Amino acid sequence: MSNPPVCDYEGSDYQDSFWGGGMREYEDRAEAIALKRLLPKNGKLLLELGAGAGRNTLRYAGFERVVLLDYSRTQLEQARQRLGDEARYTYVAADIYKMPFVDGLFDAATMIRTLHHMADAPLALRNVRNVLQPGAVFILEYANKLNLKAILRYLLKKQAWSPFSLEPVEFEALNFDFHPQAVRGWLKELDFKLERQLTVSHFRMRFLKRLFPAGFLAWLDSLASLTGGLWQLSPSVFTRSTAGEIGEVAAEGAFFKCPQCGNAVLEKGVEMLVCAGCGSRWAVRDGIYDFKEAIN
Ligand SMILES: C[S@@+](CC[C@H](N)C(=O)[O-])C[C@H]1O[C@@H](n2cnc3c(N)ncnc32)[C@H](O)[C@@H]1O
């Protein structure tokens, strides 16, 4: 796909409407446990892909610097309100399909609840791989089409699509579930070495969440998730991979590149960066680098 469509969260109240009100406290806690198990204790520069309103960002405390990338400016504004203007955080509005960073920049990346929106998942993953240094850690969460509920519904003929086939299923516009084997295949093709898989959110059922406290369900989930290397039948799967040794480390001081022409020299202007190659001007407003569309 040359120009894949983007699921646009501009103006969305996703953080409050989806995570507020306590009904997803269990999922949030279960994800926190998975992240803690998979993340390295410390590191230098972590890229959070599809960071949204920064729900997970505080969980990356072991990293010296975190770059929050999201297509939606308003999500990043919410993240900035939550996390503040510490030098540790860099807010970048950009499209994962048109990454504004030089190759080999980051020593870690996370992508949580974001592959879910990728119409061209292999391309998105390739772009992630390019900006990672050799040996960098990549924590990827994806929505699993081969989950127990989908299998049951398919066997009972209540669902037309097969959870067993390898192609992604778009169950709603720009919302995709993936087959674990397909995701593993993409990672392998991109020279990622898969180290660990954790199955997460086994108990994502309203009646269970009403019956039991979130902490208890998250604890049970953390036990069930340990079988993630053997089988993956939960709605969400977390993976930890490391980038292979092929590839470069970014030159000292290099950081952004122009998403239009790829030139890595971006000169500082007033509230903007100007590409020395093609002259494109990229806004820097209210603490957010905006690489979505060049300024006219
Ligand atoms: C479901 S939210 C998840 C946010 C956060 N990772 C979390 O778990 O709370 C998905 C996020 O991915 C972002 N997103 C979707 N497509 C994107 C793209 N092509 N490039 C960058 N961000 C994208 C959306 O703007 C949204 O903030």
# chains A, B, ... in the order shown; residues from 1 in each chain; ligands from 1
call {"tool": "residues_around", "arguments": {"residues": "range 56-64 of chain A", "least_positions_apart": "2", "cutoff": "7 Å", "atoms": "only C-alpha atoms", "output": "number ranges by chain"}}
result
A: 41-46, 54, 66, 88
call {"tool": "closest_atom_pairs", "arguments": {"of": "chain A", "to": "ligand 1", "cutoff": "7 Å", "atoms": "only C-alpha atoms and all ligand atoms", "output": "CSV"}}
result
residue,atom,partner,partner_atom_place_in_ligand_line,distance
A:Val6,CA,ligand 1,19 (N),4.9
A:Cys7,CA,ligand 1,16 (N),5.0
A:Asp8,CA,ligand 1,25 (O),5.7
A:Tyr9,CA,ligand 1,25 (O),4.5
A:Glu10,CA,ligand 1,25 (O),6.9
A:Gln15,CA,ligand 1,9 (O),7.0
A:Leu49,CA,ligand 1,22 (N),6.5
A:Gly50,CA,ligand 1,12 (O),3.7
A:Ala51,CA,ligand 1,6 (N),4.4
A:Gly52,CA,ligand 1,27 (O),3.4
A:Ala53,CA,ligand 1,9 (O),6.5
A:Gly54,CA,ligand 1,9 (O),6.5
A:Arg55,CA,ligand 1,9 (O),4.8
A:Asn56,CA,ligand 1,9 (O),6.3
A:Leu69,CA,ligand 1,21 (C),6.3
A:Asp70,CA,ligand 1,22 (N),3.9
A:Tyr71,CA,ligand 1,21 (C),3.9
A:Ser72,CA,ligand 1,25 (O),4.6
A:Gln75,CA,ligand 1,27 (O),5.9
A:Ala94,CA,ligand 1,21 (C),5.7
A:Asp95,CA,ligand 1,20 (N),3.6
A:Ile96,CA,ligand 1,20 (N),3.9
A:Tyr97,CA,ligand 1,19 (N),5.9
A:Met111,CA,ligand 1,6 (N),6.5
A:Ile112,CA,ligand 1,6 (N),4.6
A:Arg113,CA,ligand 1,3 (C),4.7
A:Thr114,CA,ligand 1,10 (C),4.6
A:His117,CA,ligand 1,16 (N),5.5
A:Met118,CA,ligand 1,16 (N),6.5
call {"tool": "write_last_selection", "arguments": {"atoms": "C-alpha atoms", "output": "PDB file, in the first residue's frame"}}
result
ATOM      1  CA  VAL A   6      -4.803   6.599   8.983  1.00  0.00           C
ATOM      2  CA  CYS A   7      -7.307   6.098  11.796  1.00  0.00           C
ATOM      3  CA  ASP A   8      -7.560   9.706  12.888  1.00  0.00           C
ATOM      4  CA  TYR A   9      -7.963  10.422  16.619  1.00  0.00           C
ATOM      5  CA  GLU A  10      -7.882  14.199  16.164  1.00  0.00           C
ATOM      6  CA  GLN A  15      -8.540   8.535  27.024  1.00  0.00           C
ATOM      7  CA  LEU A  49       4.532   4.733  18.794  1.00  0.00           C
ATOM      8  CA  GLY A  50       0.882   5.776  18.902  1.00  0.00           C
ATOM      9  CA  ALA A  51       1.435   7.203  22.377  1.00  0.00           C
ATOM     10  CA  GLY A  52      -2.067   8.693  22.513  1.00  0.00           C
ATOM     11  CA  ALA A  53      -2.685  10.667  25.707  1.00  0.00           C
ATOM     12  CA  GLY A  54       0.378   9.117  27.355  1.00  0.00           C
ATOM     13  CA  ARG A  55      -1.444   6.439  29.359  1.00  0.00           C
ATOM     14  CA  ASN A  56       1.667   4.236  29.385  1.00  0.00           C
ATOM     15  CA  LEU A  69       4.807   9.930  18.536  1.00  0.00           C
ATOM     16  CA  ASP A  70       1.165  10.141  17.546  1.00  0.00           C
ATOM     17  CA  TYR A  71      -0.751  11.183  14.453  1.00  0.00           C
ATOM     18  CA  SER A  72      -3.178  13.191  16.565  1.00  0.00           C
ATOM     19  CA  GLN A  75      -3.871  13.310  21.860  1.00  0.00           C
ATOM     20  CA  ALA A  94       3.626  12.336  12.699  1.00  0.00           C
ATOM     21  CA  ASP A  95       2.463   9.369  10.707  1.00  0.00           C
ATOM     22  CA  ILE A  96       4.103   6.013  11.426  1.00  0.00           C
ATOM     23  CA  TYR A  97       4.067   5.457   7.654  1.00  0.00           C
ATOM     24  CA  MET A 111       3.784   0.082  20.169  1.00  0.00           C
ATOM     25  CA  ILE A 112       0.738  -0.613  22.331  1.00  0.00           C
ATOM     26  CA  ARG A 113      -2.812  -0.760  20.948  1.00  0.00           C
ATOM     27  CA  THR A 114      -1.582   0.880  17.748  1.00  0.00           C
ATOM     28  CA  HIS A 117      -5.057   0.559  13.343  1.00  0.00           C
ATOM     29  CA  MET A 118      -2.500  -0.327  10.676  1.00  0.00           C
TER      30      MET A 118
END
call {"tool": "select_by_dssp", "arguments": {"residues": "range 113-210 of chain A", "states": "alpha helix (DSSP H)", "output": "VMD selection string"}}
result
chain A and resid 121 to 131 148 to 155 180 to 189 206 to 210
call {"tool": "write_last_selection", "arguments": {"atoms": "C-alpha atoms", "output": "JSON list (two decimals), in the first residue's frame"}}
result
[["chain", "number", "residue", "atom", "x", "y", "z"],
["A", 121, "ALA", "CA", 1.11, -3.56, 9.25],
["A", 122, "PRO", "CA", 4.28, -4.86, 7.50],
["A", 123, "LEU", "CA", 5.08, -1.35, 6.24],
["A", 124, "ALA", "CA", 4.49, 0.17, 9.69],
["A", 125, "LEU", "CA", 6.77, -2.45, 11.28],
["A", 126, "ARG", "CA", 9.44, -1.87, 8.62],
["A", 127, "ASN", "CA", 9.43, 1.84, 9.46],
["A", 128, "VAL", "CA", 9.83, 1.02, 13.14],
["A", 129, "ARG", "CA", 12.71, -1.32, 12.38],
["A", 130, "ASN", "CA", 14.50, 1.36, 10.36],
["A", 131, "VAL", "CA", 14.65, 3.86, 13.22],
["A", 148, "LEU", "CA", -11.05, -17.94, 22.35],
["A", 149, "LYS", "CA", -14.17, -15.81, 21.90],
["A", 150, "ALA", "CA", -13.60, -15.49, 18.15],
["A", 151, "ILE", "CA", -12.91, -19.24, 17.85],
["A", 152, "LEU", "CA", -16.13, -20.11, 19.69],
["A", 153, "ARG", "CA", -18.21, -17.64, 17.70],
["A", 154, "TYR", "CA", -16.77, -19.01, 14.46],
["A", 155, "LEU", "CA", -17.45, -22.64, 15.44],
["A", 180, "PRO", "CA", 0.00, -14.46, 15.93],
["A", 181, "GLN", "CA", 1.77, -16.50, 13.25],
["A", 182, "ALA", "CA", 1.48, -13.65, 10.75],
["A", 183, "VAL", "CA", 2.91, -11.14, 13.24],
["A", 184, "ARG", "CA", 5.80, -13.48, 14.07],
["A", 185, "GLY", "CA", 6.46, -13.88, 10.33],
["A", 186, "TRP", "CA", 6.62, -10.10, 9.78],
["A", 187, "LEU", "CA", 8.96, -9.65, 12.74],
["A", 188, "LYS", "CA", 11.25, -12.38, 11.43],
["A", 189, "GLU", "CA", 11.34, -10.94, 7.92],
["A", 206, "ARG", "CA", -18.03, -7.72, 31.54],
["A", 207, "PHE", "CA", -19.53, -10.18, 34.03],
["A", 208, "LEU", "CA", -16.09, -11.17, 35.38],
["A", 209, "LYS", "CA", -15.10, -7.53, 35.73],
["A", 210, "ARG", "CA", -18.30, -6.90, 37.68]]
call {"tool": "closest_residue", "arguments": {"among": "A:Ala109, A:Ala224, A:Leu35, A:Ile139", "to": "Leu68 in chain A", "atoms": "only C-alpha atoms"}}
result
A:Ala109
call {"tool": "closest_residue", "arguments": {"among": "A:Asn147, A:Gln197, A:Thr227, A:Gln260", "to": "Thr239 in chain A", "atoms": "only C-alpha atoms"}}
result
A:Gln197
call {"tool": "residues_around", "arguments": {"residues": "Phe216 in chain A", "least_positions_apart": "4", "cutoff": "12 Å", "atoms": "only C-alpha atoms", "output": "CSV table (one decimal) with C-alpha atoms, in the first residue's frame"}}
result
chain,number,residue,atom,x,y,z
A,25,GLU,CA,-9.0,-0.8,35.1
A,26,TYR,CA,-8.3,-4.5,34.8
A,27,GLU,CA,-7.0,-4.3,31.3
A,29,ARG,CA,-3.3,-3.1,35.2
A,30,ALA,CA,-2.8,-6.3,33.2
A,203,PHE,CA,-10.6,-12.1,31.4
A,208,LEU,CA,-16.1,-11.2,35.4
A,209,LYS,CA,-15.1,-7.5,35.7
A,210,ARG,CA,-18.3,-6.9,37.7
A,211,LEU,CA,-17.8,-9.9,39.9
A,212,PHE,CA,-14.1,-9.6,40.8
A,220,LEU,CA,-4.8,-14.0,37.6
A,221,ASP,CA,-4.0,-12.7,34.1
A,222,SER,CA,-0.4,-12.3,35.0
A,223,LEU,CA,-0.2,-16.0,35.8
call {"tool": "residues_around", "arguments": {"residues": "Leu146 in chain A", "least_positions_apart": "3", "cutoff": "8 Å", "atoms": "only C-alpha atoms", "output": "ChimeraX atom specification"}}
result
/A:150-151,163-164,178-180,232-235
call {"tool": "residues_around", "arguments": {"residues": "Arg281 in chain A", "least_positions_apart": "4", "cutoff": "12 Å", "atoms": "only C-alpha atoms", "output": "JSON, numbers by chain"}}
result
{"A": [257, 258, 259, 260, 261, 266, 267, 268, 269, 270, 271, 272, 273, 274, 275, 276, 277, 289, 290, 291, 292, 293, 294, 295, 296]}
call {"tool": "write_last_selection", "arguments": {"atoms": "C-alpha atoms", "output": "compact mmCIF listing (two decimals), in the first residue's frame"}}
result
# COMPACT_ATOMS: atom_id res chain seq x y z
CA LYS A 257 14.70 13.84 9.15
CA CYS A 258 12.32 15.48 6.72
CA PRO A 259 9.41 13.07 6.09
CA GLN A 260 9.03 14.65 2.65
CA CYS A 261 12.53 14.15 1.21
CA LEU A 266 16.57 20.55 9.58
CA GLU A 267 17.39 24.12 10.47
CA LYS A 268 15.70 25.94 13.34
CA GLY A 269 13.40 28.80 12.32
CA VAL A 270 10.83 30.73 14.35
CA GLU A 271 8.43 28.09 15.65
CA MET A 272 9.47 25.75 12.85
CA LEU A 273 12.12 23.46 11.42
CA VAL A 274 13.13 24.06 7.83
CA CYS A 275 14.44 21.21 5.68
CA ALA A 276 17.80 22.06 4.10
CA GLY A 277 17.02 19.62 1.27
CA TYR A 289 6.91 19.02 16.64
CA ASP A 290 4.36 18.70 13.86
CA PHE A 291 5.42 16.57 10.88
CA LYS A 292 1.93 15.76 9.67
CA GLU A 293 1.77 18.41 6.97
CA ALA A 294 4.33 20.97 5.90
CA ILE A 295 3.44 24.63 6.41
CA ASN A 296 2.65 26.42 3.13
call {"tool": "closest_residue", "arguments": {"among": "A:Val284, A:Met205, A:Leu38, A:Leu230", "to": "Glu141 in chain A", "atoms": "only C-alpha atoms"}}
result
A:Leu38
call {"tool": "residues_around", "arguments": {"residues": "Glu245 in chain A", "least_positions_apart": "3", "cutoff": "9 Å", "atoms": "only C-alpha atoms", "output": "list in words"}}
result
Gln133, Pro134, Gly135, Asp191 and Glu248 of chain A
call {"tool": "select_by_dssp", "arguments": {"residues": "range 115-218 of chain A", "states": "strand (DSSP E or B)", "output": "PyMOL selection string"}}
result
chain A and resi 132-144+169-172+175-178+192-200
call {"tool": "atom_distance", "arguments": {"atom1": "CA of Gly229 in chain A", "atom2": "CA of Thr199 in chain A"}}
result
8.3 Å
